[in-house]
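S.K.: What follows is input_22.cif; its format and atoms are mmCIF, C-alpha atoms.
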```
data_data
loop_
_atom_site.label_atom_id
_atom_site.label_comp_id
_atom_site.auth_asym_id
_atom_site.auth_seq_id
_atom_site.Cartn_x
_atom_site.Cartn_y
_atom_site.Cartn_z
CA MET W 283 78.93 132.23 133.83
CA ASN W 284 80.84 135.43 133.20
CA LYS W 285 83.19 134.64 135.99
CA ARG W 286 84.18 131.28 134.56
CA ARG W 287 84.66 132.64 131.08
CA SER W 288 87.30 134.97 132.36
CA VAL W 289 89.58 131.91 132.58
CA PHE W 290 88.09 129.48 130.10
CA GLY W 291 87.21 129.79 126.43
CA ARG W 292 89.34 132.83 125.79
CA LEU W 293 92.31 133.22 123.43
CA GLN W 294 95.41 133.72 125.52
CA ARG W 295 99.15 133.61 125.24
CA THR W 296 100.68 131.12 127.63
CA SER W 297 103.62 133.21 128.62
CA LYS W 298 106.41 131.37 130.30
CA GLU W 299 105.93 131.27 134.05
CA LYS W 300 102.60 133.02 133.83
CA TRP W 301 101.70 131.18 137.02
CA LYS W 302 104.37 133.14 138.86
CA LYS W 303 102.59 136.37 138.08
CA GLU W 304 99.42 134.97 139.61
CA GLU W 305 101.32 133.45 142.53
CA PHE W 306 103.03 136.66 143.56
CA SER W 307 100.24 139.08 142.79
CA GLU W 308 98.61 140.46 145.87
CA ILE W 309 95.45 138.65 146.93
CA GLU W 310 92.61 141.02 146.48
CA TYR W 311 89.45 139.99 148.14
CA GLU W 312 86.39 140.72 146.09
CA PRO W 313 82.99 139.34 146.93
CA VAL W 314 81.94 136.62 144.49
CA PRO W 315 79.04 134.29 145.29
CA VAL W 316 80.13 130.96 146.81
CA LYS W 317 78.17 129.22 144.05
CA ASP W 318 80.23 130.83 141.28
CA LEU W 319 83.48 130.08 143.07
CA LEU W 320 82.69 126.42 143.62
CA THR W 321 81.38 125.99 140.07
CA GLU W 322 84.65 127.31 138.70
CA MET W 323 86.63 125.09 141.06
CA LYS W 324 84.70 122.01 139.96
CA ASP W 325 85.21 122.86 136.29
CA ILE W 326 88.93 123.42 136.82
CA SER W 327 89.25 120.17 138.78
CA GLU W 328 87.91 118.25 135.77
CA LEU W 329 89.79 120.12 133.06
CA ILE W 330 93.12 120.17 134.86
CA ILE W 331 93.41 116.38 134.96
CA ASP W 332 92.84 116.11 131.22
CA LEU W 333 95.32 118.91 130.61
CA GLY W 334 97.85 117.31 132.94
CA TYR W 335 97.72 113.93 131.26
CA SER W 336 97.73 115.61 127.81
CA ALA W 337 100.80 117.68 128.66
CA VAL W 338 102.70 114.48 129.47
CA LEU W 339 101.29 112.52 126.53
CA PHE W 340 102.20 115.19 123.99
CA ASN W 341 105.26 116.33 125.92
CA ASN W 342 103.89 119.86 125.75
CA ARG W 343 105.35 122.46 128.06
CA GLU W 344 102.76 125.12 127.34
CA MET W 345 99.95 122.89 128.50
CA ALA W 346 102.07 122.14 131.55
CA GLU W 347 102.38 125.89 132.18
CA GLU W 348 98.61 126.23 131.99
CA VAL W 349 98.21 123.45 134.53
CA LYS W 350 100.56 125.31 136.87
CA TYR W 351 98.62 128.50 136.31
CA LEU W 352 95.30 126.79 137.03
CA GLU W 353 96.82 125.22 140.12
CA VAL W 354 97.74 128.65 141.45
CA ARG W 355 94.34 130.00 140.47
CA MET W 356 92.72 127.17 142.39
CA ASP W 357 94.64 128.23 145.53
CA LYS W 358 93.19 131.71 145.19
CA LEU W 359 89.67 130.46 144.59
CA ASN W 360 89.99 128.30 147.66
CA TYR W 361 91.09 131.32 149.67
CA ASP W 362 88.19 133.38 148.29
CA ILE W 363 85.62 130.69 149.01
CA ARG W 364 86.79 130.37 152.61
CA MET W 365 86.47 134.14 153.02
CA MET W 366 83.01 134.18 151.47
CA ALA W 367 81.84 131.23 153.55
CA MET W 368 82.93 132.89 156.77
CA MET W 369 81.27 136.14 155.86
CA ALA W 370 78.07 134.34 154.83
CA ALA W 371 77.62 132.04 157.80
CA ARG W 372 74.93 133.30 160.12
CA THR W 373 73.38 130.28 161.84
CA LYS W 374 74.66 126.86 162.88
CA GLU W 375 72.73 125.10 160.06
CA ASN W 376 74.08 127.61 157.63
CA ALA W 377 77.64 127.12 158.81
CA GLU W 378 77.31 123.34 158.54
CA GLN W 379 76.28 123.54 154.92
CA LEU W 380 79.08 125.96 154.15
CA ALA W 381 81.55 123.63 155.88
CA GLY W 382 80.45 120.94 153.42
CA ILE W 383 81.10 123.28 150.54
CA LEU W 384 84.56 124.10 151.86
CA GLN W 385 85.28 120.38 152.04
CA VAL W 386 84.46 119.98 148.33
CA ALA W 387 86.57 123.06 147.57
CA GLU W 388 89.48 121.49 149.45
CA ALA W 389 89.09 118.30 147.42
CA ALA W 390 89.09 120.27 144.17
CA GLU W 391 92.32 121.93 145.27
CA SER W 392 93.93 118.57 146.07
CA ILE W 393 93.01 117.41 142.59
CA SER W 394 94.68 120.41 141.01
CA ASN W 395 97.78 119.84 143.13
CA ALA W 396 97.88 116.26 141.86
CA ALA W 397 97.71 117.52 138.27
CA GLY W 398 100.57 119.90 139.10
CA ASP W 399 102.62 116.94 140.34
CA ILE W 400 101.98 115.13 137.07
CA VAL W 401 103.24 117.99 134.90
CA SER W 402 106.24 118.62 137.12
CA LEU W 403 107.61 115.49 135.43
CA LEU W 404 108.16 117.58 132.32
CA ASP W 405 110.45 119.96 134.18
CA GLU W 406 112.38 117.08 135.63
CA GLU W 407 112.54 115.42 132.21
CA LYS W 408 111.39 112.16 133.69
CA THR W 409 108.57 111.41 131.27
CA GLY W 410 110.60 109.11 129.04
CA PRO W 411 108.98 107.01 126.33
CA ILE W 412 107.09 104.60 128.61
CA LEU W 413 104.62 107.05 130.15
CA PRO W 414 103.10 108.45 126.91
CA GLU W 415 102.80 104.85 125.70
CA ILE W 416 100.78 103.96 128.79
CA LEU W 417 98.52 107.00 128.57
CA LYS W 418 97.65 106.06 124.99
CA HIS W 419 96.04 102.85 126.23
CA ALA W 420 93.67 104.36 128.74
CA ASP W 421 89.91 104.03 128.52
CA GLU W 422 89.22 107.52 127.24
CA LYS W 423 91.90 108.70 124.89
CA LEU W 424 93.44 112.06 124.14
CA PHE W 425 93.93 113.14 120.54
CA ARG W 426 95.50 116.01 118.62
CA ILE W 427 93.78 117.01 115.35
CA GLN W 428 94.45 119.94 113.02
CA VAL W 429 91.69 121.87 111.21
CA SER W 430 92.32 121.91 107.46
CA ASP W 431 91.43 125.09 105.55
CA SER W 432 89.18 122.96 103.32
CA SER W 433 87.06 121.86 106.29
CA LYS W 434 83.51 123.13 106.75
CA ALA W 435 84.44 123.64 110.38
CA CYS W 436 86.35 126.83 109.61
CA GLU W 437 84.76 129.94 111.08
CA LYS W 438 81.97 127.87 112.64
CA ARG W 439 81.09 127.87 116.31
CA ILE W 440 81.72 124.66 118.25
CA GLY W 441 78.18 124.72 119.59
CA ASP W 442 76.67 125.05 116.09
CA LEU W 443 78.81 122.17 114.83
CA LYS W 444 77.61 120.11 117.81
CA VAL W 445 81.04 118.55 118.04
CA GLU W 446 80.39 116.98 121.41
CA SER W 447 76.87 115.71 120.83
CA GLU W 448 77.64 114.44 117.32
CA THR W 449 81.00 112.81 117.93
CA GLY W 450 81.38 112.46 121.67
CA MET W 451 84.69 114.30 121.43
CA ARG W 452 85.22 116.91 124.09
CA ILE W 453 87.58 119.68 123.04
CA ILE W 454 89.88 120.40 125.94
CA ALA W 455 92.06 123.03 124.34
CA ILE W 456 92.78 124.74 121.03
CA ARG W 457 96.15 125.96 119.91
CA ARG W 458 95.98 128.88 117.46
CA ASP W 459 99.30 130.26 116.21
CA ASP W 460 101.14 130.86 119.45
CA CYS W 461 98.04 131.26 121.59
CA TRP W 462 95.76 128.81 123.39
CA ILE W 463 92.11 128.57 124.22
CA TYR W 464 91.50 126.28 127.19
CA ASN W 465 88.09 124.66 127.68
CA PRO W 466 86.58 126.37 124.62
CA GLN W 467 82.90 127.24 124.99
CA SER W 468 80.03 126.63 122.59
CA ASP W 469 80.42 130.10 121.03
CA THR W 470 84.13 129.63 120.27
CA ASN W 471 84.85 129.70 116.51
CA LEU W 472 87.14 127.14 114.93
CA LYS W 473 89.67 128.47 112.44
CA ALA W 474 91.83 126.95 109.72
CA ASN W 475 95.08 125.51 111.09
CA ASP W 476 93.85 125.35 114.68
CA TRP W 477 95.19 122.36 116.58
CA LEU W 478 92.55 120.74 118.77
CA ILE W 479 93.38 118.69 121.84
CA SER W 480 90.37 116.53 122.52
CA ARG W 481 89.24 113.56 124.50
CA GLY W 482 86.96 110.72 123.46
CA ASN W 483 86.93 107.27 121.90
CA ASP W 484 88.25 105.97 118.56
CA ASP W 485 84.89 106.17 116.73
CA GLY W 486 84.46 109.82 117.64
CA TYR W 487 88.05 110.57 116.73
CA GLN W 488 87.66 109.00 113.27
CA GLU W 489 84.58 111.07 112.50
CA LEU W 490 85.83 114.37 113.87
CA SER W 491 89.17 113.91 112.22
CA LYS W 492 87.61 113.31 108.76
CA PHE W 493 85.43 116.36 109.20
CA LEU W 494 88.32 118.58 110.25
CA GLN W 495 90.42 117.34 107.34
CA GLY W 496 87.61 118.32 104.96
CA LYS W 497 86.82 114.71 104.02
CA LEU W 498 83.32 114.89 105.51
CA GLU W 499 80.83 117.67 104.70
CA ALA W 500 79.13 117.67 108.10
CA LEU W 501 78.99 115.92 111.45
CA GLU W 502 75.85 113.90 111.92
CA MET Z 12 92.37 95.04 129.25
CA ASN Z 13 91.21 92.02 131.25
CA LYS Z 14 92.70 93.45 134.37
CA ARG Z 15 90.65 96.64 134.16
CA ARG Z 16 87.43 94.82 133.40
CA SER Z 17 87.70 92.97 136.65
CA VAL Z 18 86.66 96.24 138.31
CA PHE Z 19 84.84 98.10 135.57
CA GLY Z 20 81.96 97.16 133.32
CA ARG Z 21 80.74 94.27 135.45
CA LEU Z 22 77.40 93.86 137.22
CA GLN Z 23 78.00 94.00 140.94
CA ARG Z 24 76.16 94.42 144.18
CA THR Z 25 77.44 97.37 146.15
CA SER Z 26 77.32 95.73 149.54
CA LYS Z 27 77.49 98.06 152.46
CA GLU Z 28 81.06 98.68 153.53
CA LYS Z 29 82.42 96.57 150.68
CA TRP Z 30 85.52 98.78 150.88
CA LYS Z 31 86.24 97.39 154.33
CA LYS Z 32 86.60 93.91 152.91
CA GLU Z 33 89.20 95.22 150.46
CA GLU Z 34 90.87 97.33 153.13
CA PHE Z 35 91.40 94.50 155.57
CA SER Z 36 92.10 91.74 153.10
CA GLU Z 37 95.71 90.68 153.09
CA ILE Z 38 97.81 92.31 150.43
CA GLU Z 39 98.85 89.63 148.02
CA TYR Z 40 101.58 90.59 145.70
CA GLU Z 41 101.08 89.26 142.22
CA PRO Z 42 103.12 90.46 139.30
CA VAL Z 43 101.10 92.65 136.95
CA PRO Z 44 102.82 94.78 134.29
CA VAL Z 45 103.39 98.39 135.39
CA LYS Z 46 101.57 99.50 132.25
CA ASP Z 47 98.36 97.69 133.23
CA LEU Z 48 98.52 99.01 136.76
CA LEU Z 49 99.00 102.63 135.71
CA THR Z 50 96.31 102.38 133.02
CA GLU Z 51 93.82 101.19 135.61
CA MET Z 52 94.91 103.93 138.02
CA LYS Z 53 94.42 106.61 135.38
CA ASP Z 54 90.98 105.27 134.46
CA ILE Z 55 89.95 105.16 138.12
CA SER Z 56 91.26 108.68 138.71
CA GLU Z 57 88.94 110.00 136.00
CA LEU Z 58 85.88 107.92 136.87
CA ILE Z 59 86.10 108.48 140.62
CA ILE Z 60 85.71 112.25 140.35
CA ASP Z 61 82.55 111.90 138.27
CA LEU Z 62 81.23 109.30 140.69
CA GLY Z 63 82.10 111.45 143.68
CA TYR Z 64 80.32 114.53 142.37
CA SER Z 65 77.37 112.36 141.23
CA ALA Z 66 77.04 110.75 144.65
CA VAL Z 67 76.66 114.21 146.21
CA LEU Z 68 74.43 115.55 143.45
CA PHE Z 69 72.00 112.63 143.65
CA ASN Z 70 72.56 112.09 147.36
CA ASN Z 71 73.32 108.45 146.60
CA ARG Z 72 75.05 106.37 149.25
CA GLU Z 73 75.73 103.42 147.01
CA MET Z 74 77.76 105.51 144.62
CA ALA Z 75 79.54 106.91 147.65
CA GLU Z 76 80.34 103.34 148.76
CA GLU Z 77 81.79 102.62 145.31
CA VAL Z 78 83.98 105.70 145.58
CA LYS Z 79 85.29 104.45 148.92
CA TYR Z 80 85.89 101.03 147.42
CA LEU Z 81 87.79 102.50 144.47
CA GLU Z 82 89.79 104.66 146.86
CA VAL Z 83 90.93 101.56 148.75
CA ARG Z 84 91.60 99.75 145.48
CA MET Z 85 93.76 102.67 144.37
CA ASP Z 86 95.87 102.29 147.54
CA LYS Z 87 96.51 98.68 146.62
CA LEU Z 88 97.32 99.48 143.01
CA ASN Z 89 99.77 102.10 144.22
CA TYR Z 90 101.41 99.53 146.48
CA ASP Z 91 101.58 97.02 143.62
CA ILE Z 92 103.04 99.52 141.19
CA ARG Z 93 105.78 100.49 143.64
CA MET Z 94 106.64 96.82 144.11
CA MET Z 95 106.69 96.21 140.36
CA ALA Z 96 108.79 99.31 139.71
CA MET Z 97 111.39 98.28 142.25
CA MET Z 98 111.59 94.77 140.89
CA ALA Z 99 111.82 96.07 137.30
CA ALA Z 100 114.47 98.75 137.73
CA ARG Z 101 117.82 97.57 136.41
CA THR Z 102 119.71 100.66 135.27
CA LYS Z 103 119.78 104.31 136.31
CA GLU Z 104 117.88 105.42 133.17
CA ASN Z 105 115.34 102.73 133.79
CA ALA Z 106 114.88 103.74 137.40
CA GLU Z 107 114.42 107.39 136.41
CA GLN Z 108 111.59 106.52 134.06
CA LEU Z 109 109.97 104.32 136.64
CA ALA Z 110 110.26 107.12 139.20
CA GLY Z 111 108.24 109.28 136.80
CA ILE Z 112 105.59 106.62 136.58
CA LEU Z 113 105.42 106.34 140.37
CA GLN Z 114 104.91 110.10 140.52
CA VAL Z 115 101.88 109.86 138.23
CA ALA Z 116 100.61 106.91 140.29
CA GLU Z 117 100.95 109.01 143.43
CA ALA Z 118 98.96 111.82 141.79
CA ALA Z 119 96.23 109.38 140.76
CA GLU Z 120 96.02 108.22 144.35
CA SER Z 121 95.74 111.81 145.64
CA ILE Z 122 92.87 112.34 143.22
CA SER Z 123 91.04 109.30 144.55
CA ASN Z 124 91.59 110.49 148.11
CA ALA Z 125 90.05 113.83 147.15
CA ALA Z 126 87.01 112.03 145.73
CA GLY Z 127 86.79 110.11 149.01
CA ASP Z 128 86.74 113.39 150.91
CA ILE Z 129 83.90 114.62 148.73
CA VAL Z 130 81.69 111.61 149.42
CA SER Z 131 82.48 111.61 153.14
CA LEU Z 132 80.07 114.57 153.22
CA LEU Z 133 77.23 112.10 152.76
CA ASP Z 134 78.17 110.26 155.94
CA GLU Z 135 78.39 113.49 157.83
CA GLU Z 136 75.08 114.62 156.35
CA LYS Z 137 76.59 117.93 155.42
CA THR Z 138 75.53 118.03 151.77
CA GLY Z 139 72.43 120.15 152.37
CA PRO Z 140 70.49 121.66 149.50
CA ILE Z 141 73.10 124.19 148.34
CA LEU Z 142 75.74 121.79 147.10
CA PRO Z 143 73.62 119.78 144.62
CA GLU Z 144 72.30 123.11 143.33
CA ILE Z 145 75.85 124.26 142.63
CA LEU Z 146 76.90 121.02 140.94
CA LYS Z 147 73.95 121.31 138.56
CA HIS Z 148 75.45 124.49 137.14
CA ALA Z 149 78.84 123.15 136.24
CA ASP Z 150 80.20 123.08 132.72
CA GLU Z 151 79.68 119.39 132.09
CA LYS Z 152 76.54 118.15 133.74
CA LEU Z 153 75.53 114.88 135.33
CA PHE Z 154 72.19 113.33 134.47
CA ARG Z 155 70.07 110.37 135.53
CA ILE Z 156 67.94 108.73 132.81
CA GLN Z 157 65.83 105.57 132.89
CA VAL Z 158 65.55 103.14 129.97
CA SER Z 159 61.91 102.57 129.03
CA ASP Z 160 60.85 99.08 127.94
CA SER Z 161 59.61 100.63 124.69
CA SER Z 162 63.06 101.95 123.81
CA LYS Z 163 65.10 100.42 120.99
CA ALA Z 164 68.04 100.58 123.38
CA CYS Z 165 66.84 97.50 125.27
CA GLU Z 166 69.13 94.50 124.92
CA LYS Z 167 71.52 96.48 122.72
CA ARG Z 168 75.21 96.95 123.42
CA ILE Z 169 76.38 100.46 124.28
CA GLY Z 170 79.09 100.25 121.63
CA ASP Z 171 76.60 99.25 118.91
CA LEU Z 172 74.29 102.10 119.89
CA LYS Z 173 77.28 104.47 119.69
CA VAL Z 174 75.89 106.38 122.65
CA GLU Z 175 79.05 108.36 123.19
CA SER Z 176 79.89 109.17 119.58
CA GLU Z 177 76.27 109.99 118.66
CA THR Z 178 75.24 112.01 121.70
CA GLY Z 179 78.44 112.96 123.50
CA MET Z 180 77.00 111.45 126.67
CA ARG Z 181 79.44 109.31 128.60
CA ILE Z 182 77.75 106.65 130.73
CA ILE Z 183 79.46 106.60 134.10
CA ALA Z 184 77.36 103.98 135.81
CA ILE Z 185 74.24 101.88 135.37
CA ARG Z 186 71.91 100.84 138.14
CA ARG Z 187 70.04 97.59 137.43
CA ASP Z 188 67.63 96.39 140.15
CA ASP Z 189 69.83 96.48 143.21
CA CYS Z 190 73.11 96.08 141.32
CA TRP Z 191 75.46 98.52 139.65
CA ILE Z 192 77.75 98.53 136.65
CA TYR Z 193 80.46 101.17 136.97
CA ASN Z 194 82.20 102.47 133.85
CA PRO Z 195 80.23 100.20 131.49
CA GLN Z 196 82.20 99.03 128.47
CA SER Z 197 81.18 98.99 124.80
CA ASP Z 198 79.94 95.40 125.06
CA THR Z 199 77.65 96.12 128.02
CA ASN Z 200 73.96 95.54 127.16
CA LEU Z 201 71.33 98.06 128.19
CA LYS Z 202 68.13 96.63 129.66
CA ALA Z 203 64.61 97.93 130.27
CA ASN Z 204 64.35 99.87 133.54
CA ASP Z 205 68.10 100.44 133.85
CA TRP Z 206 68.96 103.79 135.38
CA LEU Z 207 71.89 105.46 133.63
CA ILE Z 208 74.13 108.02 135.32
CA SER Z 209 75.79 109.93 132.56
CA ARG Z 210 77.79 113.04 131.89
CA GLY Z 211 77.52 115.47 128.99
CA ASN Z 212 75.79 118.61 127.81
CA ASP Z 213 72.12 119.53 127.46
CA ASP Z 214 71.89 118.72 123.72
CA GLY Z 215 73.25 115.25 124.24
CA TYR Z 216 70.98 114.72 127.22
CA GLN Z 217 67.88 115.71 125.23
CA GLU Z 218 68.68 113.26 122.45
CA LEU Z 219 69.70 110.34 124.64
CA SER Z 220 66.75 110.87 126.90
CA LYS Z 221 64.25 110.78 124.00
CA PHE Z 222 65.86 107.64 122.66
CA LEU Z 223 65.78 105.89 126.04
CA GLN Z 224 62.16 106.88 126.57
CA GLY Z 225 61.29 105.28 123.20
CA LYS Z 226 60.44 108.62 121.59
CA LEU Z 227 63.28 108.33 119.05
CA GLU Z 228 63.87 105.25 116.91
CA ALA Z 229 67.64 105.58 116.75
CA LEU Z 230 70.55 107.80 117.72
CA GLU Z 231 72.08 109.55 114.76
#
```
Before anything else, please render the file you have as structure tokens.
M.R.:
Amino acid sequence: MNKRRSVFGRLQRTSKEKWKKEEFSEIEYEPVPVKDLLTEMKDISELIIDLGYSAVLFNNREMAEEVKYLEVRMDKLNYDIRMMAMMAARTKENAEQLAGILQVAEAAESISNAAGDIVSLLDEEKTGPILPEILKHADEKLFRIQVSDSSKACEKRIGDLKVESETGMRIIAIRRDDCWIYNPQSDTNLKANDWLISRGNDDGYQELSKFLQGKLEALE
Amino acid sequence: MNKRRSVFGRLQRTSKEKWKKEEFSEIEYEPVPVKDLLTEMKDISELIIDLGYSAVLFNNREMAEEVKYLEVRMDKLNYDIRMMAMMAARTKENAEQLAGILQVAEAAESISNAAGDIVSLLDEEKTGPILPEILKHADEKLFRIQVSDSSKACEKRIGDLKVESETGMRIIAIRRDDCWIYNPQSDTNLKANDWLISRGNDDGYQELSKFLQGKLEALE
């Protein structure tokens, strides 16, 4: 839990080329349970695709930077998990199970590389008008909504508002002034003027959007 | 729309090695708009990861077969989209945009290959008890719930029940007798004894589960 929150759910400035810092920092091996490493890798593999498609849809370079950062982070996690697996393996049965875990870890890394390929389009300025148009028609849609200062959502925790269970909208990221919170957690507060990037269907979007604009007193 | 529904939202028998039929069928080129192809590829890329992790979590070979089938289908879609892009490109600007689309298509295919790698663990019987344990602790969880014949959900359409916008639970697949419906659509009816594979958080699970067991009259 604590481990994951060090990357997700935390207000952070997406400095330009932040991924480079991670890329060229020395790899320090610290023992973290395989379970925690793989859990973080799975969570990143799911978030990074949403972020990647969102970055292209909203032509947003900061989200693209975050994708690159997560891609580099995934490399490190994959290195760590290999180390841990090798240190942990004692018997043949044991090693077989760990080999399975490494295979899932490898898949999670491939997914993050694919997301990195998607956002590299922004650098190459090849997104054009067609691609965002296509992404708008997908099954699950991505939306951008701003929190009005007249909304009851201000200064409330996402978990207490039950945003996901009341509207089906999953908040992928929050932009606050010039900072971002990626994969906000249930104890993250919403604030006036926050921009939310979220994923869901039209019904959920309508409801959440009314609530965040202050046109609805509560989500229910 | 119609294109996508030919794969998703339809009751189907997951015959053993159904993917082989697709793999070795002759590729027939039929013109489909690039937009429809990429939309389907994006939808598959998101569903296939959930299905892949679910197959391992529930140790379910039929879901694994579906992942393999979707992986093969993705290959074909990628072939089709390349064909369409080449036929459509007329000017340099045009070709540049289409190149961007092909890059996203390529990424979607890599994602489906990664999901295929995850489920190949089932064939190799390397999933063991550790992996499902880990997947249970991820951020968004996967659940299996059965529809009781006393539930008001019976014979109702998913869209009318507003499952996603009322509970935040996204139904990934439905098992009915020995058939499956993958990525059910809003007009899919639920029936008594259906098993739902869905993704969401604990709150949403509690509510949906009570409703499907007939302990709650309605979702709200």
S.K.: Residues picked by the PyMOL selection byres ((chain W) within 7 of (chain Z)) here, as a PyMOL selection string?
M.R.: chain W and resi 317+321+325+378-379+382-383+385-386+389+392-393+396-397+399-400+403+408-410+413+416-417+419-421+446-451+485-486+502
S.K.: In Å, how far is it from atom CA of Ala455 of chain W to atom CA of Lys303 of chain W?
M.R.: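 Result for atom CA of Ala455 of chain W versus atom CA of Lys303 of chain W: 21.9 Å, one decimal.
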S.K.: Name the residues that the PyMOL selection byres ((chain Z and resi 186) around 6) pulls out of this structure, and write them as a PyMOL selection string.
M.R.: chain Z and resi 185+187+190-191+205-206
S.K.: Let me have the centre and edge lengths in Å, one decimal, of the box along x, y and z around every listed atom of segment 495-502 of chain W with 3 Å of margin on each side, as lines of an AutoDock Vina configuration file.
M.R.:
```
center_x = 83.1
center_y = 116.1
center_z = 108.0
size_x = 20.6
size_y = 10.4
size_z = 13.9
```
S.K.: Around the point (78.0, 130.1, 120.4) (coordinates from the file), which residues reach within 12 Å if we count all atoms listed in the file? Answer as a list in words.
M.R.: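 Every polymer residue passing the test: Gly291, Glu437, Lys438, Arg439, Ile440, Gly441, Asp442, Leu443, Lys444, Pro466, Gln467, Ser468, Asp469, Thr470, Asn471 and Leu472 of chain W.
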S.K.: Evaluated on this file, the PyMOL selection byres ((chain W and resi 345) around 10) picks out some residues - which ones are they, written as a PyMOL selection string?
M.R.: chain W and resi 296+330+333-338+340-344+346-351+401+455+457+462+464
S.K.: May I have the selected residues written with C-alpha atoms, as a compact mmCIF listing (two decimals), in the frame of the given file?
M.R.:
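The result, written out as result-v3.txt:
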```
# COMPACT_ATOMS: atom_id res chain seq x y z
CA THR W 296 100.68 131.12 127.63
CA ILE W 330 93.12 120.17 134.86
CA LEU W 333 95.32 118.91 130.61
CA GLY W 334 97.85 117.31 132.94
CA TYR W 335 97.72 113.93 131.26
CA SER W 336 97.73 115.61 127.81
CA ALA W 337 100.80 117.68 128.66
CA VAL W 338 102.70 114.48 129.47
CA PHE W 340 102.20 115.19 123.99
CA ASN W 341 105.26 116.33 125.92
CA ASN W 342 103.89 119.86 125.75
CA ARG W 343 105.35 122.46 128.06
CA GLU W 344 102.76 125.12 127.34
CA ALA W 346 102.07 122.14 131.55
CA GLU W 347 102.38 125.89 132.18
CA GLU W 348 98.61 126.23 131.99
CA VAL W 349 98.21 123.45 134.53
CA LYS W 350 100.56 125.31 136.87
CA TYR W 351 98.62 128.50 136.31
CA VAL W 401 103.24 117.99 134.90
CA ALA W 455 92.06 123.03 124.34
CA ARG W 457 96.15 125.96 119.91
CA TRP W 462 95.76 128.81 123.39
CA TYR W 464 91.50 126.28 127.19
```
S.K.: Between atom CA of Pro143 of chain Z and atom CA of Ile183 of chain Z, what distance in Å does the model show, to one decimal?
M.R.: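 Answer for the atom CA of Pro143 of chain Z to atom CA of Ile183 of chain Z separation: 17.8 Å.
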S.K.: Just give me the gap between atom CA of Ile453 of chain W and atom CA of Leu478 of chain W in Å, one decimal is fine.
M.R.: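 These two atoms are separated by 6.6 Å.
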S.K.: Taking all atoms listed in the file into account, name the residue in W:Val314, W:Leu329, W:Leu498, W:Leu352 that is nearest to Glu299 of chain W.
M.R.: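 Of the candidates, the smallest distance to Glu299 of chain W is held by W:Leu352.
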S.K.: Which residue is closest to Glu34 of chain Z? Choose from Z:Glu82, Z:Asp160, Z:Phe19, Z:Asp189 and count only C-alpha atoms.
M.R.: Z:Glu82
